[in-house]
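Asker: I have a structure here, written as structure tokens, and I will follow up with some questions on it.
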There are 2 protein chains.
Amino acid sequence: MFTSKADVCVVGSGSGGKMVAQQLAQAGRRVVLVDGGFIGGFCPYVACVPAKSLLLSARAALSWTAARAVRDEAASQRDDTAAAAELEADGVEVVRGYARSLGPGRVELDDRAVEAGVVVVATGSSAVLPPLPGLAGAPTWTSEEALSAADLPERLVVLGGGPVACELAQAYRGVGSEVTLVQRGPHLLSREPAWVGDVLADALAADGVDVRRGDPATAVEQHDGWRLRLESGALIPFDRLLVATGRAPVTEGLGLDEEWLSDSGHVRTNARCRVVDASGTVVEGLFAVGDVTGISDYTHTANHQARTVVGEVLGRGRDADYSAVPRAVYTDPTVFCTGDTSGGEGVRSARFPLRDVERSALVELSRPRQVTGGVELFARDGVLVGAACVGPDADSWGAELSLAVRARLTVDLLAHHVRAFPTWSEAIFPALEELQG
Amino acid sequence: MFTSKADVCVVGSGSGGKMVAQQLAQAGRRVVLVDGGFIGGFCPYVACVPAKSLLLSARAALSWTAARAVRDEAASQRDDTAAAAELEADGVEVVRGYARSLGPGRVELDDRAVEAGVVVVATGSSAVLPPLPGLAGAPTWTSEEALSAADLPERLVVLGGGPVACELAQAYRGVGSEVTLVQRGPHLLSREPAWVGDVLADALAADGVDVRRGDPATAVEQHDGWRLRLESGALIPFDRLLVATGRAPVTEGLGLDEEWLSDSGHVRTNARCRVVDASGTVVEGLFAVGDVTGISDYTHTANHQARTVVGEVLGRGRDADYSAVPRAVYTDPTVFCTGDTSGGEGVRSARFPLRDVERSALVELSRPRQVTGGVELFARDGVLVGAACVGPDADSWGAELSLAVRARLTVDLLAHHVRAFPTWSEAIFPALEELQG
């Protein structure tokens, strides 16, 4: 077996892996980046980027044909040549292939091996199909398939109620499909406060999505076409079933030590993104970033972890901070949650509707769509610990609150800050006053 | 003369005065609010609110007739009855009339007087016409007139290059006027970094506004219609000349002591919004808020001052903090500046263009308009002291930076924060890295 030497070997070229490789190569390290799939990972080709593109096209009322063309352009026609070339221009050696064995000091592929003092696991996650009778053989889509599909399904059923399910339900409805969303539990976005998912469900319903909540799918049936059976007995005909019920870390076949994996199967990491065993002992020379760590499945989390690894390798290490990772859903209304929105013991919360700020009246007068949503703040001992934002541009104005959580700012300081009139941010003030009072 | 007694007499019912009156009445104080003009001040009827309404209508491509109707609805048809009723419902005695004399303990109108332990000056500002030969007699507009006009000028010349001039130039161009903007100096928004005004000038030009910079107006002439003569000799024909070159505090005829006025004619205040004389000595029982103080001519500044006065009167006083007052211009692209963007000694700055973040590519693919703008950060001793933001939704995503300035956060902490992919906020990161490096 051909064996080469490097300073760093990164396995997986998604956002986090790519960033580690690029920045360490720029810092003069010899870096090998191994990936058998898209160089750049799912995000630019079959995930975040085409999803946001379809949502924007739906909002701009483009036809399916136009929206698909725009989506494919945004996704670089799913051609990763440019991404690979960019990495190589930065001095990264790009190896196309899958790792078959991976551990401290050494990564093996089918036909070659790389010896490196630093090995980074960045293999990502993949969709998991639920154990639903009749599902095998049905015309299903993963989100990756939905975001690279050539044809528009006439009748689409979306299984799931998380960010991906909500985004794709709205996007496909917007470009012309009849869409039914089937969520097992009573609320969409079930990890966020109930009102957040409920506002979004109302918006999806207003778009014409048939939103079914609290009525789990029990089977897929086929006679005169495909149908999804729900617990209530309802039968929903479909041409395509988009399964967005969950993802699992990609660790199979990598030869990872069981001790490095958590109960959920994710690679265990410490605050410096070093792989650790069950007892917390560091596995020297081994790092992990991105979805495979199970910390939070967002491109920006992977990027933060990548910066952490780069800092650690270059000797200016610093703990990662996950206290204020934004959880954004790019629907209309947009959802942006950050920090702890679970409202546990000792947490006070206060909420204010966007409808009651001046911006809302202004927007509604010149555009037909009603403004919904609002902001809910969560504080413990007078310090902001979380926020849930729903409404137009929430991914922009919510960023202030994410920073506030990250910087552990007090409610008192936040209430003594000047927010511009007439912005959406004005909704933050009354919620702060309620927390103070 | 009829004399009544109160705890508080507020002179001027603009945003700041109204808030003081309302909150102190809600706290149980006997409050008299005096105003001879609109109850609620200019903002809701002939300033901010109709301006933002016209801009939104222009963006939504409404006709002048539709935009005017929407504007007038946003401005409550310039009927302040509801605002007065709302104040009275809160227990405020609303007196319609102008104060003729004002000082600690006593406010006099033409036909009555109010004795009050607390007197608040909130008389606002008014447009100043520049000493331009031929201006008298010409068909001019102040911004208030422009924002309540019934007819659309075919050819509008806007004199000035500040926020109001820029907003109204874009709004009137958007609803159908031919617009020329004449700015004396070389840049629009001259108090901000030059690139900010230049990006906006390019956008206005792309809209079809004829932007003249560095070519001051020298005279207004009339033959075969009205024309504005510029220093270069250019002659610009117009049907209406909108003068937006500056405002002055309204202090005339109020009987204010000369000692309480600064060289610029504004009422001097300390950090608690108490009126002070030239030596800084507090004039007991006398406060001032809003444009008349000359601190910054924004509704949100007036509101912050109002909260400061309310706190002081209710015995939980706290200094006002003007370190991070947003300076927003609601054009497209939107401008949002905060803190110190003057780049004085010891200040480092770094800039990043919005075009280079993923959101930009996504937006441009589904909408024709090119994304311009960017973010510039200013730091002193590693602490963020100012930011200039230009681009889509800058009034929303810029708010994070305003809070960062207010909370005196370090560049290091800001760079260690997670910003959501793919948002405009991602432009902040590379600028921070440049400041660090």
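Residues in the structure tokens are numbered from 1 in each chain, the chains being A, B, ... in the order shown, and ligands are numbered from 1 in the order shown.
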Could you list, as JSON, numbers by chain, the residues of chain B having an atom within 6 Å of chain A when counting only C-alpha atoms?
Answerer: {"B": [53, 57, 300, 325, 326, 362, 366, 396, 397, 399, 400, 418, 420, 421]}
Asker: Quick one: write out the picked residues with N, CA, C and O atoms as a PDB file, in the first residue's frame?
Answerer:
```pdb
ATOM      1  N   SER B  53     -42.785  54.655   5.037  1.00  0.00           N
ATOM      2  CA  SER B  53     -43.904  54.134   4.248  1.00  0.00           C
ATOM      3  C   SER B  53     -43.665  54.360   2.754  1.00  0.00           C
ATOM      4  O   SER B  53     -43.816  53.448   1.939  1.00  0.00           O
ATOM      5  N   SER B  57     -43.196  51.556  -0.141  1.00  0.00           N
ATOM      6  CA  SER B  57     -44.093  51.550  -1.307  1.00  0.00           C
ATOM      7  C   SER B  57     -43.294  51.627  -2.600  1.00  0.00           C
ATOM      8  O   SER B  57     -43.628  50.971  -3.590  1.00  0.00           O
ATOM      9  N   HIS B 300     -35.384  57.268  18.413  1.00  0.00           N
ATOM     10  CA  HIS B 300     -34.915  56.348  19.464  1.00  0.00           C
ATOM     11  C   HIS B 300     -34.008  57.025  20.480  1.00  0.00           C
ATOM     12  O   HIS B 300     -33.961  56.610  21.636  1.00  0.00           O
ATOM     13  N   VAL B 325     -25.738  54.816  19.723  1.00  0.00           N
ATOM     14  CA  VAL B 325     -27.030  55.204  19.139  1.00  0.00           C
ATOM     15  C   VAL B 325     -27.000  54.895  17.640  1.00  0.00           C
ATOM     16  O   VAL B 325     -26.131  55.401  16.928  1.00  0.00           O
ATOM     17  N   PRO B 326     -27.908  54.052  17.168  1.00  0.00           N
ATOM     18  CA  PRO B 326     -27.903  53.729  15.737  1.00  0.00           C
ATOM     19  C   PRO B 326     -28.243  54.958  14.886  1.00  0.00           C
ATOM     20  O   PRO B 326     -29.091  55.769  15.252  1.00  0.00           O
ATOM     21  N   LEU B 362     -26.833  33.923  -3.116  1.00  0.00           N
ATOM     22  CA  LEU B 362     -28.185  33.369  -3.069  1.00  0.00           C
ATOM     23  C   LEU B 362     -29.224  34.401  -3.450  1.00  0.00           C
ATOM     24  O   LEU B 362     -30.133  34.144  -4.242  1.00  0.00           O
ATOM     25  N   SER B 366     -31.932  34.913  -7.290  1.00  0.00           N
ATOM     26  CA  SER B 366     -33.387  34.935  -7.434  1.00  0.00           C
ATOM     27  C   SER B 366     -33.956  36.340  -7.565  1.00  0.00           C
ATOM     28  O   SER B 366     -35.145  36.510  -7.794  1.00  0.00           O
ATOM     29  N   SER B 396     -31.266  45.589  10.511  1.00  0.00           N
ATOM     30  CA  SER B 396     -31.488  44.414  11.359  1.00  0.00           C
ATOM     31  C   SER B 396     -30.175  43.765  11.786  1.00  0.00           C
ATOM     32  O   SER B 396     -29.913  43.606  12.972  1.00  0.00           O
ATOM     33  N   TRP B 397     -29.335  43.422  10.829  1.00  0.00           N
ATOM     34  CA  TRP B 397     -28.112  42.702  11.240  1.00  0.00           C
ATOM     35  C   TRP B 397     -27.077  43.626  11.854  1.00  0.00           C
ATOM     36  O   TRP B 397     -26.186  43.174  12.592  1.00  0.00           O
ATOM     37  N   ALA B 399     -27.693  45.611  14.170  1.00  0.00           N
ATOM     38  CA  ALA B 399     -28.043  45.779  15.585  1.00  0.00           C
ATOM     39  C   ALA B 399     -27.089  45.001  16.492  1.00  0.00           C
ATOM     40  O   ALA B 399     -26.807  45.421  17.616  1.00  0.00           O
ATOM     41  N   GLU B 400     -26.581  43.894  16.013  1.00  0.00           N
ATOM     42  CA  GLU B 400     -25.601  43.125  16.795  1.00  0.00           C
ATOM     43  C   GLU B 400     -24.385  43.988  17.124  1.00  0.00           C
ATOM     44  O   GLU B 400     -23.855  43.951  18.236  1.00  0.00           O
ATOM     45  N   VAL B 418     -20.436  32.620  17.297  1.00  0.00           N
ATOM     46  CA  VAL B 418     -20.917  31.855  16.144  1.00  0.00           C
ATOM     47  C   VAL B 418     -22.029  32.623  15.429  1.00  0.00           C
ATOM     48  O   VAL B 418     -23.055  32.937  16.035  1.00  0.00           O
ATOM     49  N   ALA B 420     -24.721  32.791  12.176  1.00  0.00           N
ATOM     50  CA  ALA B 420     -25.435  31.776  11.389  1.00  0.00           C
ATOM     51  C   ALA B 420     -25.077  31.831   9.910  1.00  0.00           C
ATOM     52  O   ALA B 420     -24.924  32.904   9.329  1.00  0.00           O
ATOM     53  N   PHE B 421     -24.979  30.663   9.325  1.00  0.00           N
ATOM     54  CA  PHE B 421     -24.819  30.492   7.884  1.00  0.00           C
ATOM     55  C   PHE B 421     -26.201  30.244   7.298  1.00  0.00           C
ATOM     56  O   PHE B 421     -26.964  29.467   7.868  1.00  0.00           O
TER      57      PHE B 421
END
```
Asker: List as a list in words the protein and nucleic acid residues near region 108-116 of chain A, meaning an atom at most 6 Å away when only C-alpha atoms are counted, but skip any in the same chain fewer than 3 places from it.
Answerer: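 With the cut-off at 6 Å, the set is Met1, Phe2, Thr3, Ser4, Lys5, Ala6, Asp7, Val8, Cys9, Tyr98, Ala99, Arg100, Ser101 and Gly105 of chain A.
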Asker: Produce a file of the selected residues containing N, CA and C atoms, as a PDB file, in the first residue's frame.
Answerer:
```pdb
ATOM      1  N   MET A   1       0.843  -1.211   0.000  1.00  0.00           N
ATOM      2  CA  MET A   1       0.000   0.000   0.000  1.00  0.00           C
ATOM      3  C   MET A   1       0.872   1.252   0.000  1.00  0.00           C
ATOM      4  N   PHE A   2       0.545   2.159  -0.918  1.00  0.00           N
ATOM      5  CA  PHE A   2       1.272   3.418  -0.983  1.00  0.00           C
ATOM      6  C   PHE A   2       0.983   4.258   0.261  1.00  0.00           C
ATOM      7  N   THR A   3       2.014   4.685   0.923  1.00  0.00           N
ATOM      8  CA  THR A   3       1.843   5.471   2.145  1.00  0.00           C
ATOM      9  C   THR A   3       2.548   6.814   1.987  1.00  0.00           C
ATOM     10  N   SER A   4       1.796   7.894   2.277  1.00  0.00           N
ATOM     11  CA  SER A   4       2.419   9.220   2.227  1.00  0.00           C
ATOM     12  C   SER A   4       2.397   9.845   3.619  1.00  0.00           C
ATOM     13  N   LYS A   5       3.202  10.856   3.797  1.00  0.00           N
ATOM     14  CA  LYS A   5       3.265  11.525   5.095  1.00  0.00           C
ATOM     15  C   LYS A   5       2.753  12.951   4.974  1.00  0.00           C
ATOM     16  N   ALA A   6       2.106  13.404   6.016  1.00  0.00           N
ATOM     17  CA  ALA A   6       1.619  14.789   6.042  1.00  0.00           C
ATOM     18  C   ALA A   6       1.623  15.267   7.480  1.00  0.00           C
ATOM     19  N   ASP A   7       1.408  16.556   7.675  1.00  0.00           N
ATOM     20  CA  ASP A   7       1.232  17.045   9.046  1.00  0.00           C
ATOM     21  C   ASP A   7      -0.192  16.783   9.520  1.00  0.00           C
ATOM     22  N   VAL A   8      -1.122  16.961   8.600  1.00  0.00           N
ATOM     23  CA  VAL A   8      -2.537  16.899   8.955  1.00  0.00           C
ATOM     24  C   VAL A   8      -3.283  16.081   7.911  1.00  0.00           C
ATOM     25  N   CYS A   9      -4.142  15.175   8.357  1.00  0.00           N
ATOM     26  CA  CYS A   9      -5.039  14.495   7.425  1.00  0.00           C
ATOM     27  C   CYS A   9      -6.465  14.707   7.886  1.00  0.00           C
ATOM     28  N   TYR A  98     -12.773   7.084   0.013  1.00  0.00           N
ATOM     29  CA  TYR A  98     -13.305   6.959   1.357  1.00  0.00           C
ATOM     30  C   TYR A  98     -12.266   6.341   2.283  1.00  0.00           C
ATOM     31  N   ALA A  99     -12.168   6.886   3.481  1.00  0.00           N
ATOM     32  CA  ALA A  99     -11.280   6.291   4.478  1.00  0.00           C
ATOM     33  C   ALA A  99     -11.886   4.970   4.933  1.00  0.00           C
ATOM     34  N   ARG A 100     -11.027   3.964   5.100  1.00  0.00           N
ATOM     35  CA  ARG A 100     -11.508   2.651   5.563  1.00  0.00           C
ATOM     36  C   ARG A 100     -11.045   2.367   6.978  1.00  0.00           C
ATOM     37  N   SER A 101     -10.076   3.146   7.406  1.00  0.00           N
ATOM     38  CA  SER A 101      -9.568   2.973   8.756  1.00  0.00           C
ATOM     39  C   SER A 101      -8.956   4.302   9.176  1.00  0.00           C
ATOM     40  N   GLY A 105      -2.588   9.234  14.011  1.00  0.00           N
ATOM     41  CA  GLY A 105      -1.371   9.016  13.240  1.00  0.00           C
ATOM     42  C   GLY A 105      -1.550   8.423  11.862  1.00  0.00           C
TER      43      GLY A 105
END
```
Asker: Could you check the closest approach to Ser13 (chain A) for each of A:Val34, A:Ala27, A:Ala136, A:Val164 and tell me which residue wins, using only C-alpha atoms?
Answerer: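 Smallest distance to Ser13 (chain A) is found for A:Val34.
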Asker: List every residue of region 273-389 of chain B that DSSP, applied to the backbone of this structure, places in strand (DSSP E or B), and write the result as a ChimeraX atom specification.
Answerer: /B:274-276,282-288,327-329,334-339,347-353,374-380,383-389
Asker: Any idea what's packed within 6 Å of Arg227 (chain A), counting only C-alpha atoms, ignoring anything in its chain fewer than 4 positions away? Could you give it as a count of residues only?
Answerer: 6
Asker: Please identify all polymer residues within 6 Å of region 204-216 of chain A, counting only C-alpha atoms, omitting same-chain residues fewer than 5 positions from it, and present them as a list of chain:residue names.
Answerer: A:Val179, A:Thr180, A:Leu181, A:Val182, A:Gln183, A:Arg184, A:Gly185, A:Pro186, A:Leu230, A:Glu231
Asker: Suppose we keep N, CA, C and O atoms; can you now write the selection as a short mmCIF file (atom, residue, chain, number, x, y, z; two decimals), in the first residue's frame?
Answerer:
```cif
data_model
loop_
_atom_site.label_atom_id
_atom_site.label_comp_id
_atom_site.auth_asym_id
_atom_site.auth_seq_id
_atom_site.Cartn_x
_atom_site.Cartn_y
_atom_site.Cartn_z
N VAL A 179 -48.51 20.03 -0.97
CA VAL A 179 -47.63 19.52 0.09
C VAL A 179 -48.42 19.21 1.36
O VAL A 179 -49.24 20.02 1.80
N THR A 180 -48.16 18.03 1.91
CA THR A 180 -48.67 17.69 3.24
C THR A 180 -47.47 17.44 4.13
O THR A 180 -46.54 16.73 3.73
N LEU A 181 -47.47 18.08 5.29
CA LEU A 181 -46.38 17.85 6.25
C LEU A 181 -46.93 17.03 7.41
O LEU A 181 -47.96 17.39 8.00
N VAL A 182 -46.26 15.94 7.72
CA VAL A 182 -46.73 15.04 8.78
C VAL A 182 -45.73 15.03 9.92
O VAL A 182 -44.61 14.52 9.77
N GLN A 183 -46.13 15.61 11.02
CA GLN A 183 -45.25 15.69 12.18
C GLN A 183 -45.83 14.83 13.30
O GLN A 183 -46.99 14.99 13.69
N ARG A 184 -45.01 13.91 13.76
CA ARG A 184 -45.41 12.99 14.82
C ARG A 184 -45.95 13.71 16.07
O ARG A 184 -47.03 13.43 16.54
N GLY A 185 -45.19 14.65 16.55
CA GLY A 185 -45.56 15.33 17.79
C GLY A 185 -46.53 16.49 17.56
O GLY A 185 -46.91 16.79 16.43
N PRO A 186 -46.91 17.16 18.66
CA PRO A 186 -47.93 18.21 18.56
C PRO A 186 -47.42 19.53 17.99
O PRO A 186 -48.23 20.38 17.61
N LEU A 230 -51.90 7.44 8.50
CA LEU A 230 -51.60 8.06 9.80
C LEU A 230 -52.33 7.32 10.91
O LEU A 230 -53.28 6.56 10.65
N GLU A 231 -51.89 7.56 12.13
CA GLU A 231 -52.50 6.89 13.29
C GLU A 231 -54.00 7.11 13.36
O GLU A 231 -54.76 6.22 13.74
#
```
